[in-house]
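All remarks here apply to the structure that follows.
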Amino acid sequence: MKLSRLALAIAVLPGLATAAEPYVTEPLVVTSGRLAEPQAQATAATTVFEREDIERLQVGSVAELLERVPGLSIVRTGGAGSQTGVFLRGASTAQTLVLVDGQRIAAASSGTSSLEFLAPEQIERIEVVRGARSALYGSDAIGGVIQIFTRQGDGQGLKPYTRLAAGSDSTYQRSLGLSGGDERTHFHLGAALDETAGIDATRDGFGANGDDDAYRNRSLSLNLSHRFNDDLQVGFSALDQRGKAEYDDVFTGLLPTTDFQVSSLSGFIDGRLNERWSSRLEIGHSKDQRDTGDDSPLASTDSFFTYTTYRDSASWVNTLTLTDHQQILVGADWYEDRLHSSADFAEDSRWNRAAFVQHRYTSDTYSTELGLRHDDNQQFGSENTWNAALTLPLNRANDLILSYSEGFRAPTFNDLYDQWYGNPDLQAERSKSYELQWRSRYSDTGSLQASVYRTEIEDAIVFDESFIPQNVQTARINGFEAAVQQELFGWQGDLALALIDPRDRASGHTLQRRAKRTLSLDVDRRFGDVSVGAGWHAISGRYDDADNEIEMSGYGLLSLRAAWQAMPELGLSLKLDNLLDKDYAEATYSTPNGRFDYNSAGRTALFAVTWTPQL
C-alpha cells in the first residue's frame, strides 16, 4: 500500500473519535517566535518532544527522535556515531539551524551540526520549527530550526536517578543525575557514558573495512536558574559531549577514528522592566572539535587532520506590549566564529551582527505577524530577510494560517577560504517560502496540523568540475505534511506524514538524498504500571546522486517497546528495533572495488533499569 493511501485512511480517524478526557495540555514553545507562547499561537509549524516523550519512545539517539517530525528525513553512514544528515522540508543539512540552549553548534568549516554526538539522556525537550526562520535567526534557517534544551530541575525537592542499560552489539549505557530546588531555584546535574562495539559500516571489505566501528561518548550537563523575584531571573547551562567514533575509510582502507567534542555554555538575565517591557540578555560559547587519526598498528601518524570551531555569541531580545492587541519584538544578535585547523585557510575568523524587529497584532477575527531582520557579515556583506503571517480563526477549534518567509545561508569556511578549493566570491544562498496551514483541535482527544508549502532556493552552492563551489543551482520544493495526535480506545497514536517534490530547476532532477515520502506512526498504551508501544517508520526510495542515476530502495522499520514500574523507585524497560531485521541502506559509497550501500543496524534489543530513590 502506498504511504499516501495509508495516510489518507488514518487521517479520517478524527471523524470517528469518541473520547472523554483532554488528550494533552497545550505546551509553551519559544523557538518559533523567540518568546514563550502557547504552541497554538506560534505561526510557524512546530513539533515538540518533551522529556516524557524521550522516555516513552526509548530513543537511542537524537536522529531517531527527529525521524518522527513531518517532512524531516535522516541519512546515516553506518551505526552509532556515524555521520548524520538532516533534510528538513527538502533543505540540505547545512540549511537547517541547530541550537543547544540558544547556542549555534554547527562547525564553521562544514556548516553541519554534530547531532550524532548528542546524548538523549541529557535532553529535556526538543522544538523543531518547520520552514524558513531567518527573519528571527539569520543564517542557516532555510529548512527550519531545531532547538535542543538540556535537562532541568522542577524545583520540587531533590530527585536523584540512575539508569543502566545493555543490549545488542555490546551496547552499554550508564547515566546518573540529580535535580531539585525550590520555588525560586531549579537545578539539574547529569552525567552519562554510552559505549557500543557497533556494526561494520561498509560492505565491500576493502582494505581494513571489515571491522565493526565502535563508539564511545561521555556527556555532562548542568542547568541552574534562580528567580530573585517576580521580575528578575538569571540562569546558566552547560553541555559537554566528548568521545571517540570509529569509521571506515572508503578510499585507503585504513582504521581511522574521530576524537570529538561538542560543547556549549550559555547564561541569561531575564527581567520585566515594567508592565509593558520585558528584556532578556544572553551570552554563550560553543565548541565543535573533530580530530581524525589512524588506529591501525602500522599507522605512520596519530592525526590526519583537525577542525575546531570556537563560537562566542550574545543576544538581546526585548518584548514591548503596546496595547492589549499589539506587541513588538526588538532584538540584536552578535556572534564570532574562529576556526583552528590543520588545513590552511585564507581566513580563520569572521563575525556577524544583526538587528531584528517583529510586530504582532491579535484580535478575535484575525491575527498578523510581520518581521524584518538585517544581518551584517564580515565576509559577504549584508542580508535582509522578511516574514509575514495571517491567522484566520474559522471557529474555536480550527485556524488557517497564511505565511511568507525568507531564509538564507552564509557560505562556510570550506566554501570560502579553503586553500585549494575555496571561492571568496560566493554569495549567500537565499530562499522564499509560501505556506498554508490548517490546525484543528477537532475533539478533546485529538488534534491535526496540515500544511502545503512551496520553497524556492536561489544561488545554491554546488561544486563545478574542478570541485570549486559556485552559486549556480536553483531549486523548488513543493510539499504537503500532516501530523495527527489521537487517543482512541485507550491507545495514544501519533502520525506524521510528508510528501515532497524537491527539484533542481535547471536539470529537473530530484535533489539527492531527499525522500519524497515519509511516514512515522507510534501507538502506546498504559495498563496500570505497565506500558507497551510500537512504532513504524517508512521511507520511500531516493537518489544518492545529483544526476539521479543511483536509486536507493525504500524501506519500512517496525519497533516494539515495553516498560514496567516494578516498584515506585524501580523501572524496567525493553525495546526491540528493526523487529523484522530489514536489510536497508540510507546512503552509498564508492571504493576501487565499485559502489556499495552503507550498512545499517539489523534487529537489536536494549534492556534498561532505572532507579529513582525517594529522598
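Going through the C-alpha cells in order, the chains are called A, B, and so on, while each chain numbers its residues from 1 and the ligands are numbered from 1 in the order shown.
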List as a Markdown table every residue of segment 259-369 of chain A that is in contact with segment 409-426 of chain A, defined as an atom at most 7 Å from one of its atoms (using only C-alpha atoms), together with the nearest atom pair and the distance in Å rounded to one decimal, sorted by chain and then rising number.
```
| residue | atom | partner | partner_atom | distance |
| --- | --- | --- | --- | --- |
| A:Asp344 | CA | A:Gln419 | CA | 5.7 |
| A:Phe345 | CA | A:Asp418 | CA | 4.9 |
| A:Ala346 | CA | A:Tyr417 | CA | 4.9 |
| A:Glu347 | CA | A:Tyr417 | CA | 5.9 |
```
Dump as JSON lines the rows for residues of segment 495-613 of chain A within 6 Å of segment 64-78 of chain A: closest atom pair and distance in Å with one decimal, only C-alpha atoms counted, ordered by chain and rising residue number.
```
{"residue": "A:Ala496", "atom": "CA", "partner": "A:Pro70", "partner_atom": "CA", "distance": 4.9}
{"residue": "A:Leu497", "atom": "CA", "partner": "A:Pro70", "partner_atom": "CA", "distance": 5.4}
{"residue": "A:Ala498", "atom": "CA", "partner": "A:Gly71", "partner_atom": "CA", "distance": 4.9}
{"residue": "A:Ser520", "atom": "CA", "partner": "A:Arg68", "partner_atom": "CA", "distance": 5.5}
{"residue": "A:Glu586", "atom": "CA", "partner": "A:Val75", "partner_atom": "CA", "distance": 5.3}
{"residue": "A:Tyr598", "atom": "CA", "partner": "A:Thr77", "partner_atom": "CA", "distance": 5.7}
{"residue": "A:Asn599", "atom": "CA", "partner": "A:Gly78", "partner_atom": "CA", "distance": 5.5}
{"residue": "A:Ser600", "atom": "CA", "partner": "A:Gly78", "partner_atom": "CA", "distance": 5.5}
```
Writer output for current selection, all heavy atoms, as a short mmCIF file (atom, residue, chain, number, x, y, z; two decimals), in the first residue's frame:
```cif
data_model
loop_
_atom_site.label_atom_id
_atom_site.label_comp_id
_atom_site.auth_asym_id
_atom_site.auth_seq_id
_atom_site.Cartn_x
_atom_site.Cartn_y
_atom_site.Cartn_z
N ALA A 496 2.85 11.10 11.63
CA ALA A 496 3.50 12.18 10.89
C ALA A 496 3.69 11.72 9.45
O ALA A 496 4.28 10.66 9.20
CB ALA A 496 4.84 12.55 11.52
N LEU A 497 3.20 12.51 8.51
CA LEU A 497 3.25 12.17 7.09
C LEU A 497 3.81 13.35 6.32
O LEU A 497 3.51 14.51 6.63
CB LEU A 497 1.86 11.85 6.56
CG LEU A 497 1.66 11.88 5.04
CD1 LEU A 497 2.29 10.64 4.42
CD2 LEU A 497 0.20 11.98 4.67
N ALA A 498 4.62 13.08 5.30
CA ALA A 498 5.11 14.15 4.43
C ALA A 498 5.24 13.65 3.01
O ALA A 498 5.70 12.52 2.77
CB ALA A 498 6.46 14.66 4.92
N SER A 520 5.69 8.24 9.78
CA SER A 520 6.03 7.73 11.10
C SER A 520 4.76 7.56 11.91
O SER A 520 3.93 8.47 11.96
CB SER A 520 6.99 8.69 11.81
OG SER A 520 7.26 8.26 13.13
N GLU A 586 20.82 3.86 3.84
CA GLU A 586 20.42 5.25 3.74
C GLU A 586 21.36 6.07 2.85
O GLU A 586 21.05 7.21 2.50
CB GLU A 586 20.37 5.87 5.14
CG GLU A 586 19.34 5.19 6.04
CD GLU A 586 19.34 5.73 7.47
OE1 GLU A 586 20.32 6.44 7.83
OE2 GLU A 586 18.39 5.45 8.21
N TYR A 598 26.01 1.68 2.37
CA TYR A 598 26.42 1.65 3.78
C TYR A 598 25.49 0.71 4.54
O TYR A 598 24.30 0.63 4.27
CB TYR A 598 26.32 3.04 4.40
CG TYR A 598 27.50 3.94 4.11
CD1 TYR A 598 27.39 4.99 3.21
CD2 TYR A 598 28.72 3.75 4.76
CE1 TYR A 598 28.47 5.83 2.96
CE2 TYR A 598 29.80 4.58 4.51
CZ TYR A 598 29.68 5.62 3.61
OH TYR A 598 30.75 6.44 3.36
N ASN A 599 26.04 0.00 5.51
CA ASN A 599 25.24 -0.88 6.35
C ASN A 599 24.44 -0.07 7.37
O ASN A 599 24.86 1.01 7.80
CB ASN A 599 26.13 -1.87 7.11
CG ASN A 599 26.59 -3.02 6.23
OD1 ASN A 599 25.82 -3.53 5.42
ND2 ASN A 599 27.85 -3.43 6.39
N SER A 600 23.31 -0.62 7.75
CA SER A 600 22.52 -0.10 8.86
C SER A 600 22.28 -1.23 9.85
O SER A 600 22.38 -2.42 9.49
CB SER A 600 21.19 0.47 8.38
OG SER A 600 21.40 1.59 7.54
#
```
Taking the chain letters and numbering used in this document, name the residues of segment 97-255 of chain A that DSSP puts in strand (DSSP E or B), as number ranges by chain.
A: 97-100, 103-104, 123-130, 144-150, 159-167, 171-181, 185-196, 215-229, 232-246
Given the selection you just returned, output its residues as a file containing C-alpha atoms, formatted as a short mmCIF file (atom, residue, chain, number, x, y, z; two decimals), in the first residue's frame.
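Saved the output as selection.cif:
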```cif
data_model
loop_
_atom_site.label_atom_id
_atom_site.label_comp_id
_atom_site.auth_asym_id
_atom_site.auth_seq_id
_atom_site.Cartn_x
_atom_site.Cartn_y
_atom_site.Cartn_z
CA LEU A 97 19.85 25.78 12.04
CA VAL A 98 20.59 23.72 15.18
CA LEU A 99 20.68 25.36 18.61
CA VAL A 100 21.50 23.97 22.07
CA GLN A 103 23.66 28.48 21.06
CA ARG A 104 24.64 27.59 17.49
CA ILE A 123 17.92 16.46 26.86
CA GLU A 124 14.80 17.96 28.45
CA ARG A 125 12.92 18.86 25.26
CA ILE A 126 13.36 19.50 21.55
CA GLU A 127 11.44 22.02 19.44
CA VAL A 128 11.52 21.69 15.66
CA VAL A 129 10.28 24.68 13.67
CA ARG A 130 9.48 23.68 10.11
CA GLY A 144 13.85 25.38 9.76
CA VAL A 145 15.25 25.50 13.28
CA ILE A 146 15.97 22.60 15.66
CA GLN A 147 16.43 23.76 19.26
CA ILE A 148 17.58 21.35 21.96
CA PHE A 149 17.15 22.19 25.65
CA THR A 150 19.24 20.44 28.29
CA LYS A 159 15.36 13.84 42.79
CA PRO A 160 18.34 11.56 42.07
CA TYR A 161 18.27 8.93 39.32
CA THR A 162 20.46 6.17 37.93
CA ARG A 163 19.98 4.28 34.66
CA LEU A 164 21.84 1.18 33.44
CA ALA A 165 21.20 -0.41 30.04
CA ALA A 166 22.68 -3.24 27.99
CA GLY A 167 21.87 -4.52 24.54
CA THR A 171 25.98 -1.75 23.85
CA TYR A 172 26.17 -0.38 27.39
CA GLN A 173 24.65 2.84 28.71
CA ARG A 174 25.13 4.32 32.19
CA SER A 175 23.78 7.59 33.45
CA LEU A 176 23.12 9.30 36.76
CA GLY A 177 21.88 12.68 37.81
CA LEU A 178 20.39 14.88 40.46
CA SER A 179 17.73 17.56 40.05
CA GLY A 180 15.99 19.70 42.59
CA GLY A 181 15.46 23.13 44.05
CA THR A 185 15.86 27.91 42.40
CA HIS A 186 15.94 24.99 39.95
CA PHE A 187 18.97 22.87 39.07
CA HIS A 188 19.96 19.67 37.29
CA LEU A 189 23.33 17.91 37.08
CA GLY A 190 23.72 14.80 34.94
CA ALA A 191 26.46 12.55 33.57
CA ALA A 192 26.34 9.65 31.12
CA LEU A 193 28.62 7.14 29.41
CA ASP A 194 27.49 5.34 26.23
CA GLU A 195 29.56 2.59 24.60
CA THR A 196 28.96 0.14 21.78
CA TYR A 215 31.59 4.35 19.53
CA ARG A 216 32.15 5.88 22.97
CA ASN A 217 30.52 9.05 24.32
CA ARG A 218 30.95 10.72 27.72
CA SER A 219 28.49 13.53 28.43
CA LEU A 220 27.93 16.01 31.22
CA SER A 221 25.20 18.62 31.62
CA LEU A 222 24.43 21.33 34.17
CA ASN A 223 21.42 23.62 34.31
CA LEU A 224 20.85 26.20 37.04
CA SER A 225 18.33 29.06 37.33
CA HIS A 226 17.28 31.37 40.14
CA ARG A 227 14.34 33.78 40.32
CA PHE A 228 15.11 36.69 42.63
CA ASN A 229 11.54 37.99 42.43
CA LEU A 232 14.07 39.05 37.61
CA GLN A 233 15.51 35.63 36.77
CA VAL A 234 19.06 34.51 35.92
CA GLY A 235 20.28 31.17 34.64
CA PHE A 236 23.23 29.16 33.36
CA SER A 237 23.51 25.95 31.35
CA ALA A 238 26.39 23.79 30.14
CA LEU A 239 26.59 20.69 27.95
CA ASP A 240 29.74 18.75 27.09
CA GLN A 241 29.91 15.65 24.88
CA ARG A 242 33.23 14.04 24.04
CA GLY A 243 34.48 10.65 22.96
CA LYS A 244 35.68 8.57 20.02
CA ALA A 245 33.94 7.20 16.94
CA GLU A 246 35.45 4.64 14.58
#
```
Might you pull out every residue within 12 Å of Glu55 of chain A, with only C-alpha atoms counted and same-chain residues fewer than 4 positions away left off, and present them as a VMD selection string?
chain A and resid 49 to 51 59 to 61 65 120 to 125 163 531 533 561 to 563 571 to 575 608 610
Any idea what's packed within 8 Å of Asp375 of chain A, counting only C-alpha atoms, ignoring anything in its chain fewer than 2 positions away? Could you give it as a PDB file with all heavy atoms, in the first residue's frame?
```
ATOM      1  N   GLY A 138      18.531  34.570  11.349  1.00  0.00           N
ATOM      2  CA  GLY A 138      19.640  34.818  10.442  1.00  0.00           C
ATOM      3  C   GLY A 138      20.035  33.599   9.649  1.00  0.00           C
ATOM      4  O   GLY A 138      19.193  32.804   9.208  1.00  0.00           O
ATOM      5  N   ASN A 352      29.445  38.175  12.721  1.00  0.00           N
ATOM      6  CA  ASN A 352      28.140  38.504  12.153  1.00  0.00           C
ATOM      7  C   ASN A 352      27.354  39.261  13.219  1.00  0.00           C
ATOM      8  O   ASN A 352      27.297  38.853  14.380  1.00  0.00           O
ATOM      9  CB  ASN A 352      27.381  37.230  11.771  1.00  0.00           C
ATOM     10  CG  ASN A 352      26.129  37.521  10.962  1.00  0.00           C
ATOM     11  OD1 ASN A 352      26.140  37.463   9.745  1.00  0.00           O
ATOM     12  ND2 ASN A 352      25.029  37.821  11.622  1.00  0.00           N
ATOM     13  N   ARG A 353      26.767  40.387  12.830  1.00  0.00           N
ATOM     14  CA  ARG A 353      25.935  41.148  13.750  1.00  0.00           C
ATOM     15  C   ARG A 353      24.613  41.460  13.051  1.00  0.00           C
ATOM     16  O   ARG A 353      24.566  41.613  11.828  1.00  0.00           O
ATOM     17  CB  ARG A 353      26.638  42.417  14.208  1.00  0.00           C
ATOM     18  CG  ARG A 353      27.132  43.312  13.101  1.00  0.00           C
ATOM     19  CD  ARG A 353      28.144  44.313  13.621  1.00  0.00           C
ATOM     20  NE  ARG A 353      28.628  45.206  12.574  1.00  0.00           N
ATOM     21  CZ  ARG A 353      29.723  45.949  12.674  1.00  0.00           C
ATOM     22  NH1 ARG A 353      30.454  45.900  13.782  1.00  0.00           N
ATOM     23  NH2 ARG A 353      30.095  46.737  11.688  1.00  0.00           N
ATOM     24  N   ALA A 354      23.550  41.540  13.840  1.00  0.00           N
ATOM     25  CA  ALA A 354      22.222  41.669  13.245  1.00  0.00           C
ATOM     26  C   ALA A 354      21.291  42.390  14.188  1.00  0.00           C
ATOM     27  O   ALA A 354      21.492  42.423  15.409  1.00  0.00           O
ATOM     28  CB  ALA A 354      21.661  40.289  12.914  1.00  0.00           C
ATOM     29  N   ALA A 355      20.244  42.973  13.597  1.00  0.00           N
ATOM     30  CA  ALA A 355      19.137  43.580  14.349  1.00  0.00           C
ATOM     31  C   ALA A 355      17.839  43.114  13.718  1.00  0.00           C
ATOM     32  O   ALA A 355      17.766  42.909  12.497  1.00  0.00           O
ATOM     33  CB  ALA A 355      19.236  45.106  14.321  1.00  0.00           C
ATOM     34  N   ARG A 373      14.653  41.423   9.476  1.00  0.00           N
ATOM     35  CA  ARG A 373      15.966  41.281  10.101  1.00  0.00           C
ATOM     36  C   ARG A 373      17.036  41.738   9.109  1.00  0.00           C
ATOM     37  O   ARG A 373      16.946  41.454   7.904  1.00  0.00           O
ATOM     38  CB  ARG A 373      16.220  39.830  10.515  1.00  0.00           C
ATOM     39  CG  ARG A 373      17.610  39.593  11.145  1.00  0.00           C
ATOM     40  CD  ARG A 373      17.788  38.140  11.504  1.00  0.00           C
ATOM     41  NE  ARG A 373      19.156  37.830  11.888  1.00  0.00           N
ATOM     42  CZ  ARG A 373      19.546  37.498  13.113  1.00  0.00           C
ATOM     43  NH1 ARG A 373      18.654  37.451  14.086  1.00  0.00           N
ATOM     44  NH2 ARG A 373      20.815  37.204  13.367  1.00  0.00           N
ATOM     45  N   ASN A 377      27.532  40.735   7.733  1.00  0.00           N
ATOM     46  CA  ASN A 377      28.551  39.703   7.864  1.00  0.00           C
ATOM     47  C   ASN A 377      29.896  40.236   7.397  1.00  0.00           C
ATOM     48  O   ASN A 377      29.981  40.930   6.388  1.00  0.00           O
ATOM     49  CB  ASN A 377      28.167  38.463   7.055  1.00  0.00           C
ATOM     50  CG  ASN A 377      29.096  37.292   7.309  1.00  0.00           C
ATOM     51  OD1 ASN A 377      30.173  37.211   6.742  1.00  0.00           O
ATOM     52  ND2 ASN A 377      28.662  36.382   8.166  1.00  0.00           N
ATOM     53  N   SER A 382      25.852  42.379   3.646  1.00  0.00           N
ATOM     54  CA  SER A 382      24.593  42.433   4.380  1.00  0.00           C
ATOM     55  C   SER A 382      23.518  41.597   3.704  1.00  0.00           C
ATOM     56  O   SER A 382      23.583  41.285   2.516  1.00  0.00           O
ATOM     57  CB  SER A 382      24.114  43.874   4.506  1.00  0.00           C
ATOM     58  OG  SER A 382      23.881  44.435   3.233  1.00  0.00           O
ATOM     59  N   GLU A 383      22.496  41.253   4.508  1.00  0.00           N
ATOM     60  CA  GLU A 383      21.371  40.455   4.024  1.00  0.00           C
ATOM     61  C   GLU A 383      20.124  40.860   4.801  1.00  0.00           C
ATOM     62  O   GLU A 383      20.149  40.939   6.030  1.00  0.00           O
ATOM     63  CB  GLU A 383      21.650  38.959   4.224  1.00  0.00           C
ATOM     64  CG  GLU A 383      20.680  38.042   3.532  1.00  0.00           C
ATOM     65  CD  GLU A 383      20.879  38.007   2.031  1.00  0.00           C
ATOM     66  OE1 GLU A 383      22.014  38.217   1.558  1.00  0.00           O
ATOM     67  OE2 GLU A 383      19.880  37.751   1.322  1.00  0.00           O
ATOM     68  N   ASN A 384      19.039  41.133   4.060  1.00  0.00           N
ATOM     69  CA  ASN A 384      17.745  41.444   4.675  1.00  0.00           C
ATOM     70  C   ASN A 384      16.786  40.283   4.458  1.00  0.00           C
ATOM     71  O   ASN A 384      16.718  39.732   3.348  1.00  0.00           O
ATOM     72  CB  ASN A 384      17.146  42.714   4.067  1.00  0.00           C
ATOM     73  CG  ASN A 384      17.972  43.950   4.371  1.00  0.00           C
ATOM     74  OD1 ASN A 384      18.503  44.092   5.472  1.00  0.00           O
ATOM     75  ND2 ASN A 384      18.097  44.844   3.402  1.00  0.00           N
TER      76      ASN A 384
END
```
Within 7 Å of Ser349 of chain A using only C-alpha atoms, minus same-chain residues under 2 positions, as a ChimeraX atom specification
/A:337-339,347
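Residues within 9 Å of Gln289 of chain A, counting only C-alpha atoms and excluding same-chain residues fewer than 4 positions away, are A:Ala107, A:Asp259, A:Phe260, A:Gln261, A:Val262, A:Thr306, A:Tyr307, A:Thr308, A:Thr309, A:Tyr310.
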Per-residue nearest contacts segment 53-152 of chain A to segment 443-465 of chain A, cut-off 10 Å, using only C-alpha atoms, as JSON lines:
```
{"residue": "A:Pro70", "atom": "CA", "partner": "A:Ala450", "partner_atom": "CA", "distance": 9.6}
{"residue": "A:Arg89", "atom": "CA", "partner": "A:Thr455", "partner_atom": "CA", "distance": 8.7}
{"residue": "A:Gly90", "atom": "CA", "partner": "A:Thr455", "partner_atom": "CA", "distance": 8.9}
{"residue": "A:Ala91", "atom": "CA", "partner": "A:Ile457", "partner_atom": "CA", "distance": 9.1}
{"residue": "A:Gly131", "atom": "CA", "partner": "A:Thr455", "partner_atom": "CA", "distance": 8.8}
{"residue": "A:Ala132", "atom": "CA", "partner": "A:Thr455", "partner_atom": "CA", "distance": 8.9}
{"residue": "A:Ile142", "atom": "CA", "partner": "A:Ile457", "partner_atom": "CA", "distance": 8.8}
{"residue": "A:Gly143", "atom": "CA", "partner": "A:Thr455", "partner_atom": "CA", "distance": 9.1}
```
